[in-house]
>>> print(open('run32.cif').read())   # mmCIF, C-alpha atoms
data_model
#
loop_
_atom_site.label_atom_id
_atom_site.label_comp_id
_atom_site.auth_asym_id
_atom_site.auth_seq_id
_atom_site.Cartn_x
_atom_site.Cartn_y
_atom_site.Cartn_z
CA MET A 1 84.49 248.68 175.17
CA SER A 2 83.78 245.54 177.15
CA ALA A 3 82.72 242.40 175.32
CA ALA A 4 79.46 242.43 177.25
CA THR A 5 78.64 245.97 176.15
CA GLU A 6 79.49 245.16 172.54
CA THR A 7 77.24 242.11 172.70
CA LEU A 8 74.47 244.25 174.18
CA TYR A 9 74.90 246.79 171.39
CA ALA A 10 74.74 244.09 168.74
CA GLN A 11 71.56 242.65 170.28
CA ARG A 12 69.94 246.07 170.39
CA LEU A 13 70.92 246.94 166.83
CA GLU A 14 69.49 243.64 165.63
CA ARG A 15 66.27 244.23 167.61
CA TYR A 16 65.88 247.80 166.36
CA VAL A 17 66.67 247.09 162.72
CA THR A 18 64.49 243.97 162.63
CA ALA A 19 61.50 245.97 163.89
CA MET A 20 62.18 248.81 161.44
CA ARG A 21 62.18 246.31 158.58
CA ASN A 22 58.73 245.27 159.80
CA GLY A 23 60.01 242.01 161.25
CA LYS A 24 59.50 240.41 164.65
CA PRO A 25 62.53 240.75 166.94
CA ASP A 26 62.94 239.13 170.37
CA ARG A 27 60.99 241.97 171.96
CA VAL A 28 59.62 245.40 171.15
CA PRO A 29 62.48 247.91 170.91
CA ILE A 30 62.30 251.04 173.04
CA ARG A 31 63.51 254.20 171.30
CA PRO A 32 62.23 257.32 173.03
CA PHE A 33 62.74 260.69 171.35
CA VAL A 34 63.72 262.57 174.50
CA ALA A 35 64.67 266.21 174.11
CA GLU A 36 64.59 268.77 176.93
CA LEU A 37 63.47 266.00 179.25
CA THR A 38 67.09 264.86 179.34
CA ALA A 39 68.03 268.15 181.04
CA LYS A 40 65.36 267.71 183.66
CA TYR A 41 66.51 264.16 184.37
CA ALA A 42 70.25 264.90 184.38
CA GLY A 43 70.01 268.07 186.45
CA TYR A 44 70.67 270.73 183.82
CA THR A 45 68.64 273.77 182.84
CA ILE A 46 67.14 273.87 179.38
CA GLN A 47 69.43 276.78 178.65
CA GLU A 48 72.43 274.60 179.45
CA VAL A 49 71.49 271.77 177.08
CA THR A 50 70.46 274.18 174.32
CA GLN A 51 73.62 276.27 174.47
CA ASP A 52 76.26 273.80 175.66
CA TYR A 53 75.93 270.75 173.47
CA GLN A 54 78.43 268.79 175.51
CA LYS A 55 75.95 268.97 178.38
CA ALA A 56 73.17 267.91 176.01
CA PHE A 57 75.27 264.94 174.90
CA ALA A 58 76.04 264.05 178.54
CA ALA A 59 72.36 264.26 179.47
CA ALA A 60 71.38 262.01 176.57
CA ARG A 61 74.03 259.45 177.56
CA LYS A 62 72.88 259.46 181.18
CA CYS A 63 69.26 258.84 180.18
CA ALA A 64 70.26 256.09 177.75
CA ALA A 65 72.32 254.33 180.40
CA ASP A 66 69.92 254.75 183.32
CA PHE A 67 66.76 253.78 181.42
CA ASP A 68 68.55 251.05 179.47
CA TRP A 69 66.87 252.00 176.18
CA ASP A 70 67.64 250.26 172.91
CA ALA A 71 68.19 253.39 170.83
CA VAL A 72 68.25 257.16 171.29
CA VAL A 73 69.13 260.24 169.29
CA GLY A 74 72.52 261.60 170.30
CA ASN A 75 70.98 265.00 171.00
CA MET A 76 67.31 265.62 170.42
CA VAL A 77 67.48 269.24 171.62
CA TYR A 78 67.11 270.57 168.12
CA GLY A 79 69.20 273.47 166.93
CA TRP A 80 72.33 274.25 168.89
CA ALA A 81 72.17 277.87 170.08
CA GLY A 82 75.95 278.33 169.70
CA LEU A 83 75.62 278.18 165.93
CA VAL A 84 72.55 280.40 166.04
CA GLN A 85 74.64 283.02 167.83
CA ALA A 86 77.65 282.59 165.54
CA ILE A 87 75.54 283.31 162.46
CA GLY A 88 73.10 285.69 164.13
CA LEU A 89 70.02 283.75 163.00
CA LYS A 90 66.93 285.88 163.51
CA TYR A 91 64.37 283.09 163.55
CA TYR A 92 65.30 281.63 166.92
CA ALA A 93 64.36 282.56 170.45
CA SER A 94 66.82 280.84 172.77
CA PRO A 95 66.37 279.83 176.41
CA GLY A 96 68.28 282.12 178.72
CA VAL A 97 68.45 284.85 176.06
CA GLU A 98 65.08 285.83 174.62
CA LEU A 99 63.31 283.23 176.76
CA PRO A 100 63.48 282.17 180.43
CA PRO A 101 66.26 279.62 181.10
CA ASP A 102 63.77 276.77 181.50
CA THR A 103 61.70 277.39 178.39
CA PRO A 104 62.53 275.35 175.26
CA PHE A 105 63.71 277.30 172.22
CA GLN A 106 61.11 278.67 169.81
CA TYR A 107 61.09 279.29 166.10
CA LEU A 108 60.00 282.80 165.15
CA GLU A 109 58.00 283.39 162.00
CA PRO A 110 57.94 287.01 160.81
CA PRO A 111 54.75 288.79 159.69
CA GLU A 112 53.74 288.00 156.13
CA ASP A 113 55.04 291.26 154.70
CA GLN A 114 58.44 290.60 156.24
CA ALA A 115 58.75 286.94 155.23
CA TRP A 116 62.33 285.77 154.63
CA MET A 117 61.30 284.97 151.07
CA GLN A 118 59.02 287.43 149.29
CA PRO A 119 56.34 286.32 146.79
CA ASP A 120 58.29 287.79 143.89
CA ASP A 121 61.28 285.57 144.73
CA TYR A 122 59.77 282.28 143.56
CA ASP A 123 61.39 282.36 140.13
CA ALA A 124 64.82 283.10 141.59
CA LEU A 125 64.48 280.26 144.09
CA ALA A 126 63.32 277.79 141.46
CA ALA A 127 66.07 278.79 139.01
CA ASP A 128 68.93 278.38 141.46
CA PRO A 129 68.03 277.22 144.99
CA THR A 130 71.59 277.19 146.36
CA GLY A 131 72.36 280.59 144.88
CA TYR A 132 69.15 281.99 146.30
CA LEU A 133 69.90 280.69 149.78
CA LEU A 134 73.43 282.12 149.75
CA ASN A 135 72.71 285.43 148.06
CA VAL A 136 69.23 286.35 149.26
CA TRP A 137 67.97 284.20 152.11
CA LEU A 138 71.03 284.02 154.36
CA PRO A 139 71.57 287.82 154.50
CA ARG A 140 67.90 288.22 155.41
CA VAL A 141 67.86 285.66 158.24
CA SER A 142 71.22 286.72 159.71
CA THR A 143 72.04 289.82 161.71
CA ASP A 144 75.64 289.66 160.50
CA VAL A 145 75.73 288.48 156.87
CA SER A 146 75.99 291.39 154.44
CA PRO A 147 73.59 291.40 151.48
CA THR A 148 75.27 290.56 148.18
CA GLY A 149 76.69 293.65 146.53
CA GLN A 150 76.85 295.70 149.70
CA PRO A 151 79.99 296.43 151.73
CA THR A 152 81.26 293.54 153.74
CA SER A 153 82.20 293.75 157.39
CA MET A 154 84.14 291.98 160.08
CA ARG A 155 80.84 290.62 161.40
CA ASN A 156 80.03 289.23 157.95
CA ASN A 157 83.39 287.54 157.60
CA LEU A 158 83.27 286.16 161.11
CA SER A 159 79.80 284.71 160.66
CA PHE A 160 81.12 282.37 157.95
CA LEU A 161 84.35 281.63 159.78
CA LYS A 162 82.72 280.95 163.11
CA GLY A 163 79.61 279.39 161.63
CA GLY A 164 81.55 276.97 159.45
CA MET A 165 83.98 275.93 162.14
CA ALA A 166 81.23 275.61 164.73
CA MET A 167 78.99 273.52 162.50
CA LEU A 168 81.85 271.17 161.70
CA GLN A 169 82.70 270.84 165.39
CA TYR A 170 79.07 270.18 166.32
CA PHE A 171 78.49 267.54 163.65
CA GLN A 172 81.76 265.81 164.47
CA GLY A 173 80.54 265.76 168.07
CA PHE A 174 77.68 263.50 166.98
CA GLY A 175 80.19 260.93 165.76
CA THR A 176 81.93 260.93 169.11
CA GLN A 177 78.55 260.81 170.84
CA ALA A 178 77.49 257.75 168.84
CA ALA A 179 80.72 256.00 169.74
CA ARG A 180 80.29 256.82 173.42
CA LEU A 181 76.67 255.67 173.47
CA ARG A 182 77.82 252.42 171.94
CA SER A 183 80.82 251.83 174.20
CA GLU A 184 79.42 253.14 177.49
CA SER A 185 75.87 251.79 177.51
CA GLY A 186 75.54 249.66 174.38
CA THR A 187 72.95 252.09 173.00
CA VAL A 188 72.22 252.46 169.28
CA SER A 189 72.09 255.91 167.67
CA ALA A 190 68.54 255.93 166.39
CA ILE A 191 68.68 258.04 163.23
CA CYS A 192 71.23 259.49 160.85
CA GLY A 193 70.71 262.36 158.44
CA ILE A 194 67.94 264.87 157.96
CA LEU A 195 65.11 265.42 155.52
CA LYS A 196 62.20 267.79 155.27
CA ALA A 197 59.47 267.93 152.65
CA PRO A 198 59.91 270.72 150.08
CA LEU A 199 56.58 272.29 151.04
CA ASP A 200 57.50 272.22 154.73
CA ILE A 201 60.75 274.03 154.00
CA LEU A 202 58.85 276.66 152.05
CA ALA A 203 56.53 277.18 155.01
CA ASP A 204 59.07 276.86 157.83
CA LYS A 205 62.02 278.89 156.66
CA LEU A 206 61.09 280.76 153.50
CA ARG A 207 57.55 282.04 152.96
CA GLY A 208 56.09 281.36 156.40
CA TYR A 209 52.95 279.29 156.87
CA LYS A 210 50.45 282.11 156.25
CA GLY A 211 52.30 283.36 153.21
CA LEU A 212 52.54 279.88 151.77
CA CYS A 213 48.84 279.26 152.30
CA ALA A 214 48.06 282.39 150.30
CA ASP A 215 50.49 281.26 147.60
CA LEU A 216 48.68 277.94 147.23
CA PHE A 217 45.76 279.94 145.83
CA ARG A 218 47.46 282.95 144.27
CA ARG A 219 50.47 281.35 142.59
CA PRO A 220 50.11 277.55 142.75
CA GLU A 221 52.34 276.89 139.75
CA LYS A 222 55.15 278.88 141.35
CA VAL A 223 54.83 276.81 144.52
CA LEU A 224 54.99 273.58 142.55
CA ALA A 225 58.02 274.79 140.62
CA ALA A 226 59.77 275.71 143.85
CA CYS A 227 59.03 272.28 145.35
CA GLU A 228 60.43 270.57 142.26
CA ALA A 229 63.55 272.72 142.36
CA LEU A 230 64.14 272.06 146.07
CA ALA A 231 63.57 268.31 145.88
CA PRO A 232 66.91 267.22 144.30
CA HIS A 233 68.79 269.27 146.87
CA LEU A 234 66.85 267.85 149.80
CA LEU A 235 67.52 264.37 148.44
CA GLU A 236 71.24 265.18 148.16
CA VAL A 237 71.48 266.53 151.70
CA ALA A 238 69.55 263.60 153.14
CA ALA A 239 71.65 261.02 151.29
CA SER A 240 74.95 262.70 152.15
CA GLY A 241 74.18 262.52 155.87
CA ALA A 242 72.65 259.05 155.88
CA ASP A 243 73.98 256.00 157.71
CA PRO A 244 76.70 254.49 155.48
CA GLU A 245 75.90 251.07 156.97
CA LYS A 246 72.24 251.59 155.93
CA ASN A 247 70.96 250.35 159.27
CA VAL A 248 69.21 253.34 160.82
CA PRO A 249 66.83 255.66 158.99
CA ILE A 250 66.99 259.28 157.91
CA GLY A 251 64.74 261.46 160.06
CA LEU A 252 61.97 263.21 158.11
CA TRP A 253 60.42 265.97 160.20
CA MET A 254 56.90 266.48 158.88
CA HIS A 255 55.41 269.71 160.10
CA ARG A 256 52.44 271.19 158.32
CA GLY A 257 51.35 268.93 155.51
CA CYS A 258 48.47 267.33 157.35
CA VAL A 259 44.89 268.37 158.11
CA PRO A 260 44.11 271.09 159.21
CA PHE A 261 47.22 272.82 157.86
CA LEU A 262 46.54 271.51 154.36
CA SER A 263 43.40 270.00 152.88
CA PRO A 264 43.71 266.46 151.44
CA PRO A 265 43.60 267.80 147.84
CA GLN A 266 46.37 270.29 148.69
CA PHE A 267 48.41 267.49 150.23
CA GLU A 268 47.96 265.43 147.08
CA LYS A 269 48.90 268.28 144.76
CA PHE A 270 51.60 270.19 146.62
CA TYR A 271 53.07 268.14 149.44
CA TRP A 272 53.19 264.55 148.36
CA PRO A 273 54.60 264.31 144.80
CA THR A 274 58.03 265.75 145.55
CA LEU A 275 58.27 264.15 148.98
CA ARG A 276 57.42 260.78 147.46
CA TRP A 277 60.07 261.29 144.78
CA ILE A 278 62.70 261.98 147.45
CA VAL A 279 61.72 259.05 149.69
CA GLU A 280 61.72 256.64 146.77
CA GLY A 281 65.08 258.03 145.67
CA LEU A 282 66.53 257.42 149.11
CA TRP A 283 65.14 253.91 149.21
CA ALA A 284 66.66 253.22 145.80
CA ARG A 285 69.99 254.04 147.45
CA GLY A 286 69.18 251.69 150.33
CA HIS A 287 68.15 254.27 152.95
CA GLN A 288 64.99 254.03 155.03
CA THR A 289 63.17 257.21 156.01
CA LEU A 290 61.54 257.72 159.38
CA PHE A 291 58.32 259.70 158.91
CA TYR A 292 58.16 261.74 162.10
CA ALA A 293 54.56 262.69 161.38
CA GLU A 294 53.66 265.53 163.72
CA GLY A 295 49.90 266.01 163.89
CA ASP A 296 47.14 263.77 162.56
CA TRP A 297 48.03 262.26 159.19
CA THR A 298 45.17 259.75 159.04
CA ALA A 299 43.86 261.35 155.83
CA SER A 300 47.23 260.78 154.14
CA LEU A 301 47.91 257.20 155.19
CA ARG A 302 46.66 255.73 151.91
CA TYR A 303 49.30 257.71 150.03
CA PHE A 304 52.08 256.48 152.29
CA ALA A 305 50.85 252.93 151.72
CA GLU A 306 51.88 253.26 148.07
CA LEU A 307 55.58 253.53 148.97
CA PRO A 308 57.89 250.52 148.49
CA GLU A 309 57.65 247.93 151.23
CA ARG A 310 59.93 248.65 154.23
CA SER A 311 61.06 251.99 152.74
CA ILE A 312 59.76 253.96 155.73
CA VAL A 313 59.05 253.80 159.45
CA PHE A 314 55.84 255.67 160.27
CA HIS A 315 55.92 257.48 163.59
CA VAL A 316 52.49 258.14 165.07
CA ASP A 317 51.83 261.46 166.78
CA ARG A 318 48.12 262.32 166.71
CA SER A 319 47.21 259.87 164.00
CA ASP A 320 45.16 256.91 165.20
CA PRO A 321 47.76 254.17 165.88
CA LEU A 322 45.33 251.40 165.02
CA ALA A 323 44.31 253.09 161.77
CA ALA A 324 47.97 253.58 160.90
CA HIS A 325 48.63 249.93 161.64
CA ARG A 326 45.64 248.78 159.56
CA THR A 327 46.66 250.89 156.56
CA LEU A 328 50.44 250.62 156.75
CA GLY A 329 51.22 247.67 158.99
CA ASP A 330 51.55 245.11 156.21
CA LYS A 331 54.39 247.07 154.65
CA PHE A 332 55.91 249.31 157.30
CA CYS A 333 57.01 249.50 160.90
CA ILE A 334 55.02 251.82 163.18
CA SER A 335 56.52 253.72 166.11
CA GLY A 336 55.21 255.95 168.87
CA GLY A 337 51.61 256.53 169.87
CA VAL A 338 51.84 257.17 173.64
CA PRO A 339 50.26 260.63 173.96
CA ASN A 340 52.50 263.31 175.42
CA ASP A 341 49.67 264.76 177.48
CA LEU A 342 49.25 261.37 179.10
CA LEU A 343 52.98 261.28 179.88
CA ALA A 344 52.74 264.80 181.30
CA PHE A 345 49.50 264.63 183.27
CA GLY A 346 48.55 260.95 183.60
CA THR A 347 49.54 258.32 186.11
CA PRO A 348 51.95 255.41 185.65
CA GLU A 349 48.97 253.04 185.71
CA GLU A 350 47.33 254.95 182.86
CA VAL A 351 50.58 254.90 180.92
CA ARG A 352 50.90 251.13 181.35
CA ALA A 353 47.30 250.68 180.14
CA CYS A 354 48.03 252.79 177.06
CA CYS A 355 51.19 250.82 176.31
CA LYS A 356 49.25 247.56 176.65
CA ARG A 357 46.68 248.78 174.10
CA LEU A 358 49.47 249.67 171.69
CA LEU A 359 51.35 246.42 172.15
CA ASP A 360 48.18 244.34 171.79
CA GLY A 361 46.80 246.33 168.88
CA VAL A 362 49.84 247.32 166.85
CA ALA A 363 52.84 245.23 167.88
CA ARG A 364 51.41 241.72 167.85
CA GLU A 365 53.25 240.60 164.70
CA GLY A 366 56.35 242.75 165.14
CA GLY A 367 57.07 245.94 163.23
CA TYR A 368 56.55 248.27 166.18
CA ILE A 369 58.85 250.52 168.22
CA MET A 370 57.75 251.97 171.56
CA ASP A 371 57.92 255.75 171.92
CA ALA A 372 55.88 258.75 172.89
CA SER A 373 53.79 260.46 170.25
CA ALA A 374 56.01 263.52 169.98
CA ILE A 375 59.43 264.61 171.16
CA MET A 376 59.44 264.67 174.94
CA GLN A 377 60.17 268.06 176.41
CA ASP A 378 60.38 268.89 180.08
CA ASP A 379 56.71 268.30 180.86
CA THR A 380 56.96 264.49 180.73
CA LYS A 381 56.88 262.98 184.21
CA ILE A 382 59.90 260.80 184.90
CA GLU A 383 57.76 258.15 186.62
CA ASN A 384 55.58 257.91 183.52
CA LEU A 385 58.57 257.52 181.23
CA ARG A 386 59.82 254.82 183.59
CA ALA A 387 56.42 253.09 183.44
CA MET A 388 56.44 253.18 179.62
CA THR A 389 59.95 251.73 179.56
CA ASP A 390 59.51 249.02 182.19
CA PHE A 391 56.11 247.86 180.99
CA THR A 392 57.30 247.53 177.40
CA ARG A 393 60.37 245.59 178.47
CA GLU A 394 58.22 243.15 180.44
CA TYR A 395 55.10 242.87 178.27
CA GLY A 396 56.67 243.45 174.86
CA VAL A 397 58.47 240.12 174.67
CA TYR A 398 57.60 237.96 171.65
CA MET B 1 57.90 264.14 139.50
CA THR B 2 59.99 261.86 137.35
CA ALA B 3 63.24 263.63 136.55
CA GLU B 4 65.48 266.14 138.25
CA PRO B 5 64.62 269.65 137.06
CA PRO B 6 67.51 271.61 135.57
CA THR B 7 69.26 274.04 137.88
CA ARG B 8 72.29 276.18 137.27
CA ARG B 9 73.95 274.74 140.34
CA PRO B 10 73.40 271.00 140.66
CA PRO B 11 72.97 269.40 144.09
CA GLY B 12 76.20 269.29 146.06
CA VAL B 13 77.75 272.25 144.26
CA CYS B 14 78.19 275.94 145.10
CA ILE B 15 80.70 276.97 142.43
CA PRO B 16 80.99 274.43 139.59
CA TRP B 17 84.47 273.26 138.72
CA GLU B 18 84.00 274.35 135.12
CA GLU B 19 83.46 277.92 136.31
CA LYS B 20 86.46 277.80 138.62
CA ARG B 21 88.69 276.17 135.99
CA ARG B 22 88.25 279.12 133.66
CA GLU B 23 89.75 281.40 136.32
CA MET B 24 92.85 279.29 136.81
CA PRO B 25 96.12 279.37 134.90
CA ALA B 26 97.34 276.29 133.12
CA ILE B 27 97.59 273.42 135.57
CA ARG B 28 101.01 271.87 135.30
CA GLY B 29 100.36 268.77 137.33
CA ASP B 30 97.42 266.43 137.85
CA GLU B 31 94.32 268.42 136.89
CA ARG B 32 91.97 265.67 138.02
CA LEU B 33 93.39 265.88 141.52
CA VAL B 34 92.88 269.64 141.60
CA GLU B 35 89.34 269.17 140.34
CA GLN B 36 88.49 266.52 142.90
CA VAL B 37 89.84 268.53 145.82
CA TRP B 38 87.96 271.61 144.59
CA LYS B 39 84.72 269.63 144.45
CA ASP B 40 85.23 268.05 147.87
CA VAL B 41 85.84 271.37 149.59
CA ASP B 42 83.14 273.16 147.60
CA ALA B 43 80.69 270.52 148.86
CA LEU B 44 81.40 271.70 152.41
CA GLY B 45 80.06 275.12 151.48
CA TYR B 46 76.99 273.44 150.04
CA MET B 47 76.51 271.44 153.21
CA TYR B 48 76.85 274.61 155.28
CA ILE B 49 74.06 276.57 153.66
CA TRP B 50 71.64 273.64 153.30
CA GLN B 51 72.25 272.44 156.85
CA ILE B 52 71.48 275.93 158.16
CA LEU B 53 68.21 275.75 156.26
CA LEU B 54 67.35 272.24 157.44
CA SER B 55 68.94 271.68 160.83
CA PHE B 56 69.03 275.05 162.54
#
>>> encode(input="run32.cif", output="structure tokens")
Amino acid sequence: MSAATETLYAQRLERYVTAMRNGKPDRVPIRPFVAELTAKYAGYTIQEVTQDYQKAFAAARKCAADFDWDAVVGNMVYGWAGLVQAIGLKYYASPGVELPPDTPFQYLEPPEDQAWMQPDDYDALAADPTGYLLNVWLPRVSTDVSPTGQPTSMRNNLSFLKGGMAMLQYFQGFGTQAARLRSESGTVSAICGILKAPLDILADKLRGYKGLCADLFRRPEKVLAACEALAPHLLEVAASGADPEKNVPIGLWMHRGCVPFLSPPQFEKFYWPTLRWIVEGLWARGHQTLFYAEGDWTASLRYFAELPERSIVFHVDRSDPLAAHRTLGDKFCISGGVPNDLLAFGTPEEVRACCKRLLDGVAREGGYIMDASAIMQDDTKIENLRAMTDFTREYGVY
Amino acid sequence: MTAEPPTRRPPGVCIPWEEKRREMPAIRGDERLVEQVWKDVDALGYMYIWQILLSF
């Protein structure tokens, strides 16, 4: 790596970390969460970046270098299809297989009566979450894994062999990717590690959203017990994958804990207590959490405000950025807030005006990171992303 | 939530060392080394299943 690139990397890391700790760096950092957009920009199909992660890595590096961003995620195209195929996961629809080659992957949620976790399973999950996942859940979500107690098969054996080797290879690829981003363009890897709220995991991968909603009324104590049983494991997984240097945050992907998916009382009772316990546990170990708050979380902001100062970065999707700043800005960094529909259908002039409102209203005293509201898929216009980037670099100087 | 609820398999563990140790003959060398390596590799299995749940 050249000395100039290393200096650039150090400047960007300092800028990014200062903002995340709610301080005022030399200028507003730019850290776009770009997913399938990278394929569009680099000349790949969405199938290519979803199935061939080396192409996804290459596309991310090209965007980072060409746009000169401060920080990016090594690969924001979530869920590598190679591992999905190796294990035979049933809850994915992949581009180029079940979907057209230029359609982003989709999660599939089965009908309530075929949920991966049945209502009667709550006690088993709460008693032994890891055992439940291995013995009950994995055989149900995989085409190849044999149910416990039934005859094994070559497909069963291969799913673990191929799945384990492939996962290791993929995760090791992120280390190489981080090093290449650093040495080739001086770009910081934006996050490290993964976290989801216990209730989101119950909805996303176990009971399904509809089933979980029914459970909140029919068996609320079982839901709470399951959340409490999952929490220590989610904390462990998040901490084990976190940045050992404690610079960049753990990504928390918040899906369906906000209005209208949950009412505020349901959020307070079911979603927040265990999530708060995890986030505070991570902060006690020195790790920040990035709340990637999909949807409108305005009704929940006052709860987040109770967290320890600087323990989180709050990413604005459909929440009101100014309301988020008013409620959280004294303690936490805010990121995002440029609507994705504006980036998809607006003009560069409209994007610049939006960025100006954000920089004037939220970033005045530091503690702000420029980004779109949600992960950018292939509908973002390149000229609008360029406008967001260039305007912030010019106007976002302190 | 103030304390970790009890589970048969604590976080980071698929098959506890104590369970595995009962299956093994007398260990003639450094038992602590055997235990540590068992735990390190067992943790990979734990990572595998929880990462499928969370990341894929």
>>> residues_around(input="run32.cif", residues="Ile334 (chain A)", least_positions_apart="3", cutoff="9 Å", atoms="only C-alpha atoms", output="PyMOL selection string")
chain A and resi 19-20+22+313-316+321+324-325+328-329+337+362-363+367-370
>>> interface_residues(input="run32.cif", of="chain A", to="chain B", cutoff="9 Å", atoms="all atoms listed in the file", output="PDB file with C-alpha atoms, keeping the file's coordinate frame")
ATOM      1  CA  TYR A  78      67.110 270.570 168.120  1.00  0.00           C
ATOM      2  CA  GLY A  79      69.200 273.470 166.930  1.00  0.00           C
ATOM      3  CA  TRP A  80      72.330 274.250 168.890  1.00  0.00           C
ATOM      4  CA  ALA A  81      72.170 277.870 170.080  1.00  0.00           C
ATOM      5  CA  LEU A  83      75.620 278.180 165.930  1.00  0.00           C
ATOM      6  CA  VAL A  84      72.550 280.400 166.040  1.00  0.00           C
ATOM      7  CA  LEU A  89      70.020 283.750 163.000  1.00  0.00           C
ATOM      8  CA  TYR A  92      65.300 281.630 166.920  1.00  0.00           C
ATOM      9  CA  ALA A 126      63.320 277.790 141.460  1.00  0.00           C
ATOM     10  CA  ALA A 127      66.070 278.790 139.010  1.00  0.00           C
ATOM     11  CA  ASP A 128      68.930 278.380 141.460  1.00  0.00           C
ATOM     12  CA  PRO A 129      68.030 277.220 144.990  1.00  0.00           C
ATOM     13  CA  THR A 130      71.590 277.190 146.360  1.00  0.00           C
ATOM     14  CA  GLY A 131      72.360 280.590 144.880  1.00  0.00           C
ATOM     15  CA  LEU A 133      69.900 280.690 149.780  1.00  0.00           C
ATOM     16  CA  LEU A 134      73.430 282.120 149.750  1.00  0.00           C
ATOM     17  CA  LEU A 138      71.030 284.020 154.360  1.00  0.00           C
ATOM     18  CA  GLY A 163      79.610 279.390 161.630  1.00  0.00           C
ATOM     19  CA  GLY A 164      81.550 276.970 159.450  1.00  0.00           C
ATOM     20  CA  MET A 167      78.990 273.520 162.500  1.00  0.00           C
ATOM     21  CA  LEU A 168      81.850 271.170 161.700  1.00  0.00           C
ATOM     22  CA  ILE A 194      67.940 264.870 157.960  1.00  0.00           C
ATOM     23  CA  LEU A 195      65.110 265.420 155.520  1.00  0.00           C
ATOM     24  CA  LYS A 196      62.200 267.790 155.270  1.00  0.00           C
ATOM     25  CA  ILE A 201      60.750 274.030 154.000  1.00  0.00           C
ATOM     26  CA  LYS A 205      62.020 278.890 156.660  1.00  0.00           C
ATOM     27  CA  GLU A 228      60.430 270.570 142.260  1.00  0.00           C
ATOM     28  CA  ALA A 229      63.550 272.720 142.360  1.00  0.00           C
ATOM     29  CA  ALA A 231      63.570 268.310 145.880  1.00  0.00           C
ATOM     30  CA  PRO A 232      66.910 267.220 144.300  1.00  0.00           C
ATOM     31  CA  HIS A 233      68.790 269.270 146.870  1.00  0.00           C
ATOM     32  CA  LEU A 234      66.850 267.850 149.800  1.00  0.00           C
ATOM     33  CA  LEU A 235      67.520 264.370 148.440  1.00  0.00           C
ATOM     34  CA  GLU A 236      71.240 265.180 148.160  1.00  0.00           C
ATOM     35  CA  VAL A 237      71.480 266.530 151.700  1.00  0.00           C
ATOM     36  CA  SER A 240      74.950 262.700 152.150  1.00  0.00           C
ATOM     37  CA  PRO A 273      54.600 264.310 144.800  1.00  0.00           C
ATOM     38  CA  THR A 274      58.030 265.750 145.550  1.00  0.00           C
ATOM     39  CA  ARG A 276      57.420 260.780 147.460  1.00  0.00           C
ATOM     40  CA  TRP A 277      60.070 261.290 144.780  1.00  0.00           C
TER      41      TRP A 277
END
>>> residues_around(input="run32.cif", residues="Glu18 (chain B)", least_positions_apart="6", cutoff="12 Å", atoms="only C-alpha atoms", output="NGL selection string")
:B and (9 or 24 or 34-36 or 38-39)
>>> write_last_selection(input="run32.cif", atoms="C-alpha atoms", output="PDB file, keeping the file's coordinate frame")
ATOM      1  CA  ARG B   9      73.950 274.740 140.340  1.00  0.00           C
ATOM      2  CA  MET B  24      92.850 279.290 136.810  1.00  0.00           C
ATOM      3  CA  VAL B  34      92.880 269.640 141.600  1.00  0.00           C
ATOM      4  CA  GLU B  35      89.340 269.170 140.340  1.00  0.00           C
ATOM      5  CA  GLN B  36      88.490 266.520 142.900  1.00  0.00           C
ATOM      6  CA  TRP B  38      87.960 271.610 144.590  1.00  0.00           C
ATOM      7  CA  LYS B  39      84.720 269.630 144.450  1.00  0.00           C
TER       8      LYS B  39
END
>>> atom_distance(input="run32.cif", atom1="CA of Trp283 (chain A)", atom2="CA of Ser300 (chain A)")
19.8 Å
>>> closest_residue(input="run32.cif", among="A:Asp113, A:Glu184, A:Asp320, A:Asp144", to="Ala4 (chain A)", atoms="all atoms listed in the file")
A:Glu184
>>> atom_distance(input="run32.cif", atom1="CA of Tyr44 (chain A)", atom2="CA of Ala56 (chain A)")
8.7 Å
>>> residues_near_point(input="run32.cif", point="(49.2, 264.9, 157.7)", cutoff="8 Å", atoms="all atoms listed in the file", output="list in words")
Met254, Arg256, Gly257, Cys258, Val259, Leu262, Phe267, Ala293, Glu294, Gly295, Asp296, Trp297, Thr298, Ala299 and Ser300 of chain A
>>> residues_near_point(input="run32.cif", point="(62.5, 276.4, 175.3)", cutoff="12 Å", atoms="all atoms listed in the file", output="ChimeraX atom specification")
/A:35-37,39,45-51,77-81,92-107,377-379
>>> resolve_selection(input="run32.cif", expression="the PyMOL selection byres ((chain A and resi 147) around 12)", output="list in words")
Tyr132, Leu133, Leu134, Asn135, Val136, Trp137, Leu138, Pro139, Arg140, Val141, Ser142, Thr143, Asp144, Val145, Ser146, Thr148, Gly149, Gln150, Pro151, Thr152, Ser153 and Asn156 of chain A
>>> atom_distance(input="run32.cif", atom1="CA of Lys269 (chain A)", atom2="CA of Gly336 (chain A)")
27.8 Å
>>> closest_residue(input="run32.cif", among="A:Arg219, A:His255, A:Tyr271, A:Pro119", to="Leu206 (chain A)", atoms="all atoms listed in the file")
A:Pro119
>>> resolve_selection(input="run32.cif", expression="the PyMOL selection byres ((chain A and resi 285) around 12)", output="NGL selection string")
:A and (235-236 or 238-240 or 242-246 or 278-284 or 286-289 or 311)
>>> resolve_selection(input="run32.cif", expression="the PyMOL selection byres ((chain A and resi 211-215) around 9)", output="number ranges by chain")
A: 111-113, 115, 118-119, 199, 202-203, 206-210, 216-220, 222-223, 261-262
